[in-house]
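K.L.:
Got target.cif for you, mmCIF, C-alpha atoms; chains and numbers go by the auth columns:
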```cif
data_work
#
loop_
_atom_site.group_PDB
_atom_site.id
_atom_site.type_symbol
_atom_site.label_atom_id
_atom_site.label_comp_id
_atom_site.label_asym_id
_atom_site.label_seq_id
_atom_site.Cartn_x
_atom_site.Cartn_y
_atom_site.Cartn_z
_atom_site.B_iso_or_equiv
_atom_site.auth_seq_id
_atom_site.auth_asym_id
ATOM 1 C CA MET A 1 118.169 72.288 108.194 0.00 1 V
ATOM 2 C CA SER A 2 117.709 74.777 105.382 0.00 2 V
ATOM 3 C CA GLU A 3 117.965 78.516 105.894 0.00 3 V
ATOM 4 C CA TRP A 4 114.230 78.969 105.218 0.00 4 V
ATOM 5 C CA ALA A 5 113.296 76.351 107.819 0.00 5 V
ATOM 6 C CA SER A 6 115.531 77.957 110.434 0.00 6 V
ATOM 7 C CA ARG A 7 113.961 81.382 109.775 0.00 7 V
ATOM 8 C CA LYS A 8 110.508 79.858 110.022 0.00 8 V
ATOM 9 C CA THR A 9 111.419 78.244 113.342 0.00 9 V
ATOM 10 C CA LEU A 10 112.849 81.527 114.641 0.00 10 V
ATOM 11 C CA ALA A 11 109.715 83.429 113.610 0.00 11 V
ATOM 12 C CA ARG A 12 107.536 80.861 115.347 0.00 12 V
ATOM 13 C CA ARG A 13 109.590 81.051 118.550 0.00 13 V
ATOM 14 C CA VAL A 14 109.593 84.847 118.597 0.00 14 V
ATOM 15 C CA SER A 15 105.853 85.073 117.903 0.00 15 V
ATOM 16 C CA ARG A 16 105.148 83.154 121.113 0.00 16 V
ATOM 17 C CA HIS A 17 106.613 85.951 123.250 0.00 17 V
ATOM 18 C CA ARG A 18 104.243 88.888 123.600 0.00 18 V
ATOM 19 C CA ALA A 19 107.003 91.280 124.633 0.00 19 V
ATOM 20 C CA ALA A 20 109.002 90.469 121.496 0.00 20 V
ATOM 21 C CA VAL A 21 105.962 91.012 119.285 0.00 21 V
ATOM 22 C CA ALA A 22 105.143 94.297 121.044 0.00 22 V
ATOM 23 C CA GLY A 23 108.738 95.494 120.688 0.00 23 V
ATOM 24 C CA ALA A 24 108.814 94.602 117.011 0.00 24 V
ATOM 25 C CA ALA A 25 105.519 96.446 116.495 0.00 25 V
ATOM 26 C CA VAL A 26 106.933 99.590 118.129 0.00 26 V
ATOM 27 C CA VAL A 27 110.063 99.433 115.966 0.00 27 V
ATOM 28 C CA VAL A 28 107.986 99.000 112.802 0.00 28 V
ATOM 29 C CA LEU A 29 105.714 101.890 113.835 0.00 29 V
ATOM 30 C CA VAL A 30 108.671 104.236 114.408 0.00 30 V
ATOM 31 C CA LEU A 31 110.173 103.222 111.054 0.00 31 V
ATOM 32 C CA LEU A 32 106.885 103.888 109.253 0.00 32 V
ATOM 33 C CA VAL A 33 106.483 107.272 110.955 0.00 33 V
ATOM 34 C CA ALA A 34 110.056 108.180 110.005 0.00 34 V
ATOM 35 C CA ILE A 35 109.565 107.141 106.382 0.00 35 V
ATOM 36 C CA PHE A 36 106.258 108.953 105.950 0.00 36 V
ATOM 37 C CA ALA A 37 107.100 112.000 108.121 0.00 37 V
ATOM 38 C CA PRO A 38 106.499 114.599 105.393 0.00 38 V
ATOM 39 C CA LEU A 39 103.028 113.168 104.777 0.00 39 V
ATOM 40 C CA LEU A 40 102.099 112.815 108.456 0.00 40 V
ATOM 41 C CA ALA A 41 103.323 116.149 109.800 0.00 41 V
ATOM 42 C CA PRO A 42 100.573 118.755 109.495 0.00 42 V
ATOM 43 C CA PHE A 43 102.955 121.748 109.795 0.00 43 V
ATOM 44 C CA ASP A 44 106.575 122.610 109.080 0.00 44 V
ATOM 45 C CA PRO A 45 108.456 121.690 112.287 0.00 45 V
ATOM 46 C CA GLY A 46 110.698 124.746 112.201 0.00 46 V
ATOM 47 C CA VAL A 47 108.179 127.496 111.514 0.00 47 V
ATOM 48 C CA GLN A 48 107.660 129.740 114.518 0.00 48 V
ATOM 49 C CA ALA A 49 104.412 131.498 115.405 0.00 49 V
ATOM 50 C CA LEU A 50 105.455 133.688 118.320 0.00 50 V
ATOM 51 C CA ASP A 51 101.985 135.179 118.703 0.00 51 V
ATOM 52 C CA SER A 52 100.393 131.798 119.501 0.00 52 V
ATOM 53 C CA GLY A 53 103.138 130.105 121.510 0.00 53 V
ATOM 54 C CA LEU A 54 102.742 127.644 124.382 0.00 54 V
ATOM 55 C CA SER A 55 99.252 126.371 123.785 0.00 55 V
ATOM 56 C CA GLY A 56 97.793 123.056 124.788 0.00 56 V
ATOM 57 C CA PRO A 57 96.322 120.404 122.528 0.00 57 V
ATOM 58 C CA SER A 58 93.636 121.557 120.122 0.00 58 V
ATOM 59 C CA TRP A 59 91.999 120.367 116.909 0.00 59 V
ATOM 60 C CA SER A 60 94.591 122.153 114.788 0.00 60 V
ATOM 61 C CA HIS A 61 97.619 121.231 116.959 0.00 61 V
ATOM 62 C CA TRP A 62 96.998 117.758 118.412 0.00 62 V
ATOM 63 C CA LEU A 63 99.978 117.835 120.807 0.00 63 V
ATOM 64 C CA GLY A 64 99.974 121.591 121.295 0.00 64 V
ATOM 65 C CA GLN A 65 102.671 124.154 120.607 0.00 65 V
ATOM 66 C CA ASP A 66 105.901 124.992 122.378 0.00 66 V
ATOM 67 C CA ARG A 67 106.720 128.489 123.648 0.00 67 V
ATOM 68 C CA LEU A 68 107.908 129.530 120.182 0.00 68 V
ATOM 69 C CA GLY A 69 104.655 128.422 118.546 0.00 69 V
ATOM 70 C CA ARG A 70 106.075 125.360 116.795 0.00 70 V
ATOM 71 C CA ASP A 71 103.753 122.381 116.348 0.00 71 V
ATOM 72 C CA MET A 72 104.833 119.559 118.679 0.00 72 V
ATOM 73 C CA LEU A 73 103.401 116.721 116.563 0.00 73 V
ATOM 74 C CA SER A 74 105.347 117.884 113.517 0.00 74 V
ATOM 75 C CA ARG A 75 108.528 118.168 115.560 0.00 75 V
ATOM 76 C CA LEU A 76 108.011 114.699 117.047 0.00 76 V
ATOM 77 C CA VAL A 77 107.392 113.097 113.649 0.00 77 V
ATOM 78 C CA HIS A 78 110.405 114.753 112.030 0.00 78 V
ATOM 79 C CA GLY A 79 112.507 113.912 115.091 0.00 79 V
ATOM 80 C CA ALA A 80 111.765 110.239 114.446 0.00 80 V
ATOM 81 C CA ARG A 81 113.568 110.565 111.112 0.00 81 V
ATOM 82 C CA ILE A 82 116.689 111.836 112.830 0.00 82 V
ATOM 83 C CA SER A 83 116.513 109.128 115.490 0.00 83 V
ATOM 84 C CA VAL A 84 116.209 106.374 112.886 0.00 84 V
ATOM 85 C CA ALA A 85 119.070 107.834 110.843 0.00 85 V
ATOM 86 C CA VAL A 86 121.324 107.971 113.905 0.00 86 V
ATOM 87 C CA GLY A 87 120.286 104.459 114.944 0.00 87 V
ATOM 88 C CA LEU A 88 121.029 103.000 111.523 0.00 88 V
ATOM 89 C CA GLY A 89 124.232 105.001 111.146 0.00 89 V
ATOM 90 C CA THR A 90 125.892 103.654 114.279 0.00 90 V
#
```
Can the structure in the file be given as structure tokens, please?
P.N.:
Amino acid sequence: MSEWASRKTLARRVSRHRAAVAGAAVVVLVLLVAIFAPLLAPFDPGVQALDSGLSGPSWSHWLGQDRLGRDMLSRLVHGARISVAVGLGT
């Protein structure tokens, strides 16, 4: 059996399992978020706005702000980059 045929068979077997497809989709999503983090993050993740800290979700800050006024979505997106780098580095 050629290498291409064995890969095709493996892809067919994996695609039958919904959990495997869902897991692969999550991994691909995290990788895409990590790659495009600078484009997706609306604010700098380290900039503090002490006057507007600890606020809930709003139109300008979709996941809210922590007690130091940092945007949680930006921190989450940039944190994905670090997580992927650590995962690939080990």
K.L.:
To one decimal place, how far is CA of Leu10 in chain V from CA of Leu88 in chain V in Å?
P.N.:
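Value for the CA of Leu10 in chain V-CA of Leu88 in chain V distance: 23.2 Å.
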K.L.:
Name every residue that the PyMOL selection byres ((chain V and resi 72) around 12) selects in this structure, writing the answer as JSON, numbers by chain with chains first and numbers rising.
P.N.:
{"V": [41, 42, 43, 44, 45, 46, 47, 48, 53, 54, 55, 56, 57, 58, 60, 61, 62, 63, 64, 65, 66, 67, 68, 69, 70, 71, 73, 74, 75, 76, 77, 78, 79]}
K.L.:
Quick one, how far is CA of Val30 in chain V from CA of Val84 in chain V?
P.N.:
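One can read the CA of Val30 in chain V to CA of Val84 in chain V distance as 8.0 Å.
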K.L.:
What is the distance, in Å and to one decimal place, between CA of Ala85 in chain V and CA of Gly23 in chain V?
P.N.:
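Distance between the two atoms: 18.9 Å.
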